[in-house]
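Undergrad: Just dropping this structure here.
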Amino acid sequence: MTDIKKIRRESLDALIQKMIGAAIEVYGPTKTGDRIDFGKIRSAAEMDLAYLQTDQSAKFLLFPKAELLFRFRSGKEGTSIREKSLQDIGRKVLFGVHPCDAAAIGALKSLFTSDSPDPLFARRLDLLAVIGLSCSRADGDCFCTSVGGGPGDPKGSDILLTRMVDGDFLAEIVTETGGGIVALGPDLFLPAPAEEKQRYLAEVKPEIVPEEIATRLKLIFDREDFWTEQSLRCIGCGACAFVCPVCACFDIQDEGSRESGVRLRCWDSCGFSLFTLHASGHNPRERQSQRWRQRVMHKFSYMPETLNLPGCVGCGRCSRACPADLNLLEHLRVIMGEEP
């Protein structure tokens with residue numbers, strides 16, 4: 001289903017109040033100092049909808065940075081385990097997220113549910129609605145159109161808003177979930193004007209061809225000199241993975257004592273030197289060049305091959321966040337022109 005309506009900018013707050021009144025937590029882009037990130041909001045005035053890109057992605061709503069899996073306690077009567085209750089997870093709306101981040105939700109869904117579904121992720125996904133916001137501007141790090149997306153791509157959004165010149169929004173109701181949000185305040189959604197949203201979208205020219213990247217990666221996999229050159233600036237800090245909306249590597253940690261404690265699932269990164277370290281002391285990816293190769297291969301070869309979608313949505317966060325100014329798009333351009 002796709003139905004196009006209009007919502008006035010002054011009606012956004014009323015819509016947010018309707019959602020909060022329906023016991024839905026609302027998260028939107030909020031500005032603190034010079035940083036913009038997704039946080040819990042209670043009014044439209046708290047949001048900055050003119051942002052280019054948030055510093056971090058919104059994946060924490062589905063895949064928290066550190067998540068309690070269960071508590072355990074041991075005593076004379078044995079060991080008891082209390083798992084995190086799925087009933088503790090409530091309804092949420094992600095408001096004002098750009099199409100690249102909305103598309104990343106599909107990638108996370110494939111990673112967490114394609115084989116043995118993760119119940120915590122699946123529950124959060126079932127209870128999440130996404131109100132996307134088309135991009136009216138972009139910068140040199142954006143390359144969504146190179147990986148199957150676009151500044152006005154509705155994929156992943158339940159409702160996609162596009163800001164018009166007068167400040168009001170075209171509203172594409174994409175899914176039944178989006179229709180449920182509209183039903184909370186149907187009077188807020190007006191007949192759509194005869195407008196083409198394309199005129200309000202940023203221009204992002206395709207930079208790479210993912211299929212060609214995947215082909216070249218297989219041919220240059222054993223080119224140690226190439227990967228060493230590519231990774232010279234990488235310091236293995238993991239910033240790229242932590243800001244990425246698709247990266248989903250995690251570690252399992254137990255904290256406590258023999259008598260009681262907790263088991264946690266925490267974000268991790270294939271760029272960390274300890275990520276593949278075996279208990280024996282052997283590390284199959286002991287050099288940073290091997291870890292950089294793994295990151296690129298996973299996103300542009302392994303995921304497309306196994307899940308039929310890229311592991312990158314072209315948001316550019318990794319390039320903006322890198323303290324060593326390692327730019328992913330620049331490296332992909334080099335790979336495009338590399339001969340085996």
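Ligands are numbered from 1 in the order shown, residues from 1 within each chain, and chains are lettered A, B, ... in the order they appear in the structure tokens.
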Identify, with DSSP run on backbone atoms, the residues in range 57-276 of chain A assigned to helix (DSSP H, G or I), and express the list as a short mmCIF file (atom, residue, chain, number, x, y, z; two decimals) with N, CA and C atoms, in the first residue's frame.
TA:
```cif
data_model
loop_
_atom_site.label_atom_id
_atom_site.label_comp_id
_atom_site.auth_asym_id
_atom_site.auth_seq_id
_atom_site.Cartn_x
_atom_site.Cartn_y
_atom_site.Cartn_z
N LYS A 59 20.42 2.28 15.32
CA LYS A 59 20.32 0.82 15.46
C LYS A 59 20.18 0.38 16.91
N PHE A 60 20.54 1.27 17.86
CA PHE A 60 20.44 0.90 19.28
C PHE A 60 19.01 0.60 19.71
N LEU A 61 18.02 1.09 18.96
CA LEU A 61 16.64 0.80 19.30
C LEU A 61 16.29 -0.67 19.05
N LEU A 86 10.45 -10.52 27.37
CA LEU A 86 10.04 -9.84 26.14
C LEU A 86 8.93 -8.83 26.42
N GLN A 87 8.20 -9.03 27.52
CA GLN A 87 7.11 -8.12 27.85
C GLN A 87 7.60 -6.77 28.32
N ASP A 88 8.89 -6.70 28.65
CA ASP A 88 9.46 -5.41 29.08
C ASP A 88 9.74 -4.49 27.89
N PRO A 99 16.42 7.97 4.81
CA PRO A 99 16.22 6.69 4.11
C PRO A 99 17.37 5.69 4.25
N CYS A 100 18.61 6.17 4.36
CA CYS A 100 19.72 5.22 4.51
C CYS A 100 19.59 4.43 5.80
N ASP A 101 19.24 5.12 6.90
CA ASP A 101 19.07 4.43 8.18
C ASP A 101 17.84 3.53 8.17
N ALA A 102 16.79 3.98 7.50
CA ALA A 102 15.59 3.13 7.42
C ALA A 102 15.90 1.85 6.64
N ALA A 103 16.68 1.97 5.56
CA ALA A 103 17.04 0.79 4.78
C ALA A 103 17.91 -0.16 5.59
N ALA A 104 18.71 0.39 6.50
CA ALA A 104 19.58 -0.45 7.32
C ALA A 104 18.80 -1.41 8.21
N ILE A 105 17.57 -1.05 8.53
CA ILE A 105 16.75 -1.93 9.36
C ILE A 105 16.52 -3.27 8.67
N GLY A 106 16.35 -3.23 7.35
CA GLY A 106 16.18 -4.47 6.59
C GLY A 106 17.42 -5.34 6.64
N ALA A 107 18.59 -4.70 6.60
CA ALA A 107 19.84 -5.45 6.69
C ALA A 107 19.99 -6.09 8.07
N LEU A 108 19.68 -5.33 9.12
CA LEU A 108 19.74 -5.89 10.47
C LEU A 108 18.75 -7.04 10.63
N LYS A 109 17.58 -6.88 10.04
CA LYS A 109 16.58 -7.95 10.12
C LYS A 109 17.11 -9.23 9.49
N SER A 110 17.77 -9.12 8.35
CA SER A 110 18.33 -10.30 7.71
C SER A 110 19.40 -10.95 8.57
N LEU A 111 20.23 -10.13 9.20
CA LEU A 111 21.31 -10.66 10.03
C LEU A 111 20.79 -11.36 11.28
N PHE A 112 19.73 -10.82 11.88
CA PHE A 112 19.25 -11.35 13.15
C PHE A 112 18.12 -12.35 13.03
N THR A 113 17.51 -12.47 11.87
CA THR A 113 16.34 -13.37 11.77
C THR A 113 16.40 -14.35 10.62
N PRO A 119 15.02 -13.61 19.48
CA PRO A 119 13.71 -13.18 20.00
C PRO A 119 13.68 -11.74 20.47
N LEU A 120 14.77 -11.24 21.05
CA LEU A 120 14.79 -9.86 21.52
C LEU A 120 14.73 -8.89 20.35
N PHE A 121 15.53 -9.16 19.32
CA PHE A 121 15.50 -8.30 18.13
C PHE A 121 14.13 -8.36 17.46
N ALA A 122 13.60 -9.58 17.29
CA ALA A 122 12.32 -9.74 16.60
C ALA A 122 11.20 -9.01 17.33
N ARG A 123 11.22 -9.05 18.65
CA ARG A 123 10.19 -8.36 19.44
C ARG A 123 10.29 -6.85 19.25
N ARG A 124 11.51 -6.33 19.31
CA ARG A 124 11.69 -4.88 19.12
C ARG A 124 11.25 -4.45 17.72
N LEU A 125 11.59 -5.27 16.73
CA LEU A 125 11.21 -4.93 15.36
C LEU A 125 9.70 -4.92 15.19
N ASP A 126 9.02 -5.90 15.78
CA ASP A 126 7.56 -5.96 15.69
C ASP A 126 6.89 -4.73 16.29
N CYS A 144 24.37 6.76 -1.00
CA CYS A 144 23.24 5.83 -0.90
C CYS A 144 22.81 5.29 -2.25
N THR A 145 22.88 6.12 -3.30
CA THR A 145 22.44 5.67 -4.62
C THR A 145 23.36 4.61 -5.22
N SER A 146 24.55 4.45 -4.66
CA SER A 146 25.48 3.42 -5.15
C SER A 146 25.18 2.05 -4.57
N VAL A 147 24.36 2.00 -3.52
CA VAL A 147 24.09 0.72 -2.86
C VAL A 147 22.59 0.44 -2.79
N GLU A 176 1.00 -0.97 6.44
CA GLU A 176 -0.14 -0.99 7.34
C GLU A 176 0.22 -0.39 8.69
N THR A 177 1.45 -0.60 9.12
CA THR A 177 1.90 0.02 10.37
C THR A 177 1.82 1.53 10.26
N GLY A 178 2.24 2.06 9.10
CA GLY A 178 2.12 3.50 8.88
C GLY A 178 0.66 3.95 8.89
N GLY A 179 -0.20 3.13 8.33
CA GLY A 179 -1.63 3.44 8.37
C GLY A 179 -2.15 3.48 9.79
N GLY A 180 -1.60 2.63 10.66
CA GLY A 180 -2.00 2.65 12.07
C GLY A 180 -1.59 3.94 12.76
N ILE A 181 -0.44 4.48 12.39
CA ILE A 181 -0.01 5.77 12.94
C ILE A 181 -0.95 6.87 12.48
N VAL A 182 -1.29 6.86 11.18
CA VAL A 182 -2.22 7.86 10.65
C VAL A 182 -3.56 7.79 11.37
N ALA A 183 -4.00 6.58 11.70
CA ALA A 183 -5.29 6.39 12.36
C ALA A 183 -5.33 7.02 13.76
N LEU A 184 -4.18 7.28 14.35
CA LEU A 184 -4.15 7.95 15.65
C LEU A 184 -4.60 9.40 15.55
N PRO A 186 -6.19 11.01 12.21
CA PRO A 186 -6.50 11.09 10.77
C PRO A 186 -6.76 12.51 10.29
N ASP A 187 -7.25 13.38 11.18
CA ASP A 187 -7.52 14.76 10.79
C ASP A 187 -6.25 15.57 10.55
N LEU A 188 -5.11 15.04 10.99
CA LEU A 188 -3.84 15.74 10.79
C LEU A 188 -3.29 15.54 9.38
N LYS A 197 7.71 14.80 -5.44
CA LYS A 197 8.68 14.94 -4.35
C LYS A 197 10.11 15.04 -4.86
N GLN A 198 10.36 14.58 -6.08
CA GLN A 198 11.73 14.55 -6.60
C GLN A 198 12.39 15.93 -6.57
N ARG A 199 11.61 16.96 -6.77
CA ARG A 199 12.16 18.32 -6.82
C ARG A 199 12.70 18.78 -5.47
N TYR A 200 12.31 18.08 -4.40
CA TYR A 200 12.74 18.47 -3.06
C TYR A 200 13.89 17.60 -2.53
N PRO A 210 28.08 -1.93 -7.02
CA PRO A 210 28.33 -2.98 -6.03
C PRO A 210 28.70 -4.33 -6.65
N GLU A 211 28.07 -4.69 -7.77
CA GLU A 211 28.36 -5.97 -8.39
C GLU A 211 29.82 -6.03 -8.87
N GLU A 212 30.30 -4.91 -9.39
CA GLU A 212 31.70 -4.87 -9.83
C GLU A 212 32.65 -4.91 -8.65
N ILE A 213 32.27 -4.26 -7.57
CA ILE A 213 33.08 -4.31 -6.34
C ILE A 213 33.21 -5.75 -5.87
N ALA A 214 32.07 -6.47 -5.82
CA ALA A 214 32.06 -7.86 -5.35
C ALA A 214 32.95 -8.74 -6.23
N THR A 215 32.91 -8.54 -7.53
CA THR A 215 33.74 -9.33 -8.45
C THR A 215 35.21 -9.05 -8.22
N ARG A 216 35.58 -7.79 -8.09
CA ARG A 216 36.98 -7.44 -7.90
C ARG A 216 37.50 -7.93 -6.54
N LEU A 217 36.65 -7.88 -5.52
CA LEU A 217 37.09 -8.31 -4.20
C LEU A 217 37.53 -9.77 -4.19
N LYS A 218 36.81 -10.60 -4.91
CA LYS A 218 37.18 -12.01 -4.98
C LYS A 218 38.53 -12.19 -5.69
N LEU A 219 38.78 -11.36 -6.67
CA LEU A 219 40.01 -11.49 -7.46
C LEU A 219 41.24 -10.97 -6.72
N GLU A 224 48.08 -9.20 -0.67
CA GLU A 224 48.45 -8.66 0.64
C GLU A 224 48.98 -7.23 0.52
N ASP A 225 49.71 -6.94 -0.55
CA ASP A 225 50.24 -5.60 -0.72
C ASP A 225 49.12 -4.57 -0.86
N PHE A 226 48.05 -4.95 -1.58
CA PHE A 226 46.93 -4.05 -1.77
C PHE A 226 46.24 -3.74 -0.45
N TRP A 227 45.95 -4.79 0.34
CA TRP A 227 45.24 -4.60 1.60
C TRP A 227 46.09 -3.88 2.63
N THR A 228 47.38 -4.10 2.59
CA THR A 228 48.27 -3.36 3.49
C THR A 228 48.23 -1.88 3.17
N GLU A 229 48.29 -1.56 1.89
CA GLU A 229 48.22 -0.15 1.47
C GLU A 229 46.88 0.46 1.87
N GLN A 230 45.79 -0.29 1.69
CA GLN A 230 44.46 0.23 2.01
C GLN A 230 44.31 0.50 3.51
N ALA A 239 35.53 2.81 15.64
CA ALA A 239 34.54 3.88 15.51
C ALA A 239 33.62 3.65 14.33
N CYS A 240 34.16 3.16 13.22
CA CYS A 240 33.35 2.94 12.02
C CYS A 240 32.23 1.94 12.29
N ALA A 241 32.55 0.88 13.02
CA ALA A 241 31.54 -0.15 13.31
C ALA A 241 30.48 0.37 14.28
N PHE A 242 30.89 1.18 15.24
CA PHE A 242 29.95 1.64 16.25
C PHE A 242 28.97 2.68 15.70
N VAL A 243 29.38 3.47 14.70
CA VAL A 243 28.44 4.44 14.13
C VAL A 243 27.67 3.86 12.95
#
```
Undergrad: Which residue out of A:Ser11, A:Asn283, A:Gln56, A:Gln294 has the minimum interatomic distance to Gly39 in chain A when only C-alpha atoms are used?
TA: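 Answer, going by the shortest atom-to-atom distance: A:Gln56.
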Undergrad: Between A:Leu15, A:Cys249, A:Cys237, A:Ile89, which has the minimum distance to Leu62 in chain A (counting only C-alpha atoms)?
TA: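 The shortest atom-to-atom distance to Leu62 in chain A comes from A:Ile89.
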Undergrad: Expressed in Å to a single decimal, how great is the separation between CA of Gly261 in chain A and CA of Phe72 in chain A?
TA: 5.5 Å
Undergrad: Select, from A:Asn327, A:Ser43, A:Ser85, A:Ser57, the residue with the minimum atom-to-atom distance to Phe70 in chain A, counting only C-alpha atoms.
TA: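 Looking only at the distances to Phe70 in chain A, the closest residue turns out to be A:Ser85.
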Undergrad: Per DSSP on the backbone, what are the strand (DSSP E) residues of range 49-271 of chain A, as a ChimeraX atom specification?
TA: /A:66-75,78-83,92-97,128-133,159-163,169-173,189-191,250-256,260-267
Undergrad: Hey, which of A:Glu305, A:Asp55, A:Asp115, A:Glu259 ends up closest to Gly75 in chain A? Count only C-alpha atoms.
TA: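 Using only C-alpha atoms, Gly75 in chain A sits closest to A:Glu259.
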Undergrad: As an exercise, work out the distance from CA of Gly96 in chain A to CA of Gly311 in chain A in Å and give it to one decimal place.
TA: 22.2 Å
Undergrad: So that I can see what lies close to Ile131 in chain A, please list as a list in words the residues with an atom at most 7 Å from it, counting only C-alpha atoms and leaving out residues fewer than 5 positions away in the same chain.
TA: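 Once the adjacent positions are removed, what remains is Leu94, Phe95, Gly96, Val97, Ser157, Asp158, Ile159 and Leu160 of chain A.
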Undergrad: Could you list, as a short mmCIF file (atom, residue, chain, number, x, y, z; two decimals) with N, CA and C atoms, in the first residue's frame, every residue within 10 Å of Ile252 in chain A, counting only C-alpha atoms and ignoring same-chain residues fewer than 3 positions away?
TA:
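Contents of part.cif, freshly written:
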```cif
data_model
loop_
_atom_site.label_atom_id
_atom_site.label_comp_id
_atom_site.auth_asym_id
_atom_site.auth_seq_id
_atom_site.Cartn_x
_atom_site.Cartn_y
_atom_site.Cartn_z
N ALA A 66 24.69 -2.43 24.93
CA ALA A 66 24.93 -3.46 25.93
C ALA A 66 23.56 -3.93 26.41
N GLU A 67 23.29 -5.21 26.25
CA GLU A 67 21.95 -5.73 26.51
C GLU A 67 21.99 -6.90 27.48
N LEU A 68 21.19 -6.81 28.52
CA LEU A 68 21.07 -7.90 29.48
C LEU A 68 20.34 -9.08 28.83
N LEU A 69 20.98 -10.25 28.84
CA LEU A 69 20.34 -11.46 28.33
C LEU A 69 19.69 -12.25 29.45
N ARG A 263 24.62 -12.00 32.23
CA ARG A 263 25.21 -12.21 30.92
C ARG A 263 24.74 -11.09 30.01
N LEU A 264 25.71 -10.45 29.34
CA LEU A 264 25.43 -9.29 28.51
C LEU A 264 25.84 -9.54 27.06
N ARG A 265 25.10 -8.94 26.16
CA ARG A 265 25.51 -8.91 24.75
C ARG A 265 25.94 -7.47 24.44
N CYS A 266 27.17 -7.31 23.96
CA CYS A 266 27.75 -5.98 23.76
C CYS A 266 28.24 -5.82 22.33
N TRP A 267 28.15 -4.60 21.83
CA TRP A 267 28.67 -4.32 20.50
C TRP A 267 30.16 -4.68 20.43
N ASP A 268 30.58 -5.15 19.27
CA ASP A 268 31.97 -5.49 19.04
C ASP A 268 32.32 -5.06 17.61
#
```
Undergrad: Using only C-alpha atoms, which residue out of A:Lys155, A:Arg163, A:Arg91, A:His278 lies closest to Glu195 in chain A?
TA: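 Nearest to Glu195 in chain A: A:Arg163.
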Undergrad: Residues at most 12 Å from Ser289 in chain A, counting only C-alpha atoms, excluding those fewer than 3 positions away in the same chain, as number ranges by chain?
TA: A: 221-236, 270-273, 284-286, 292-296
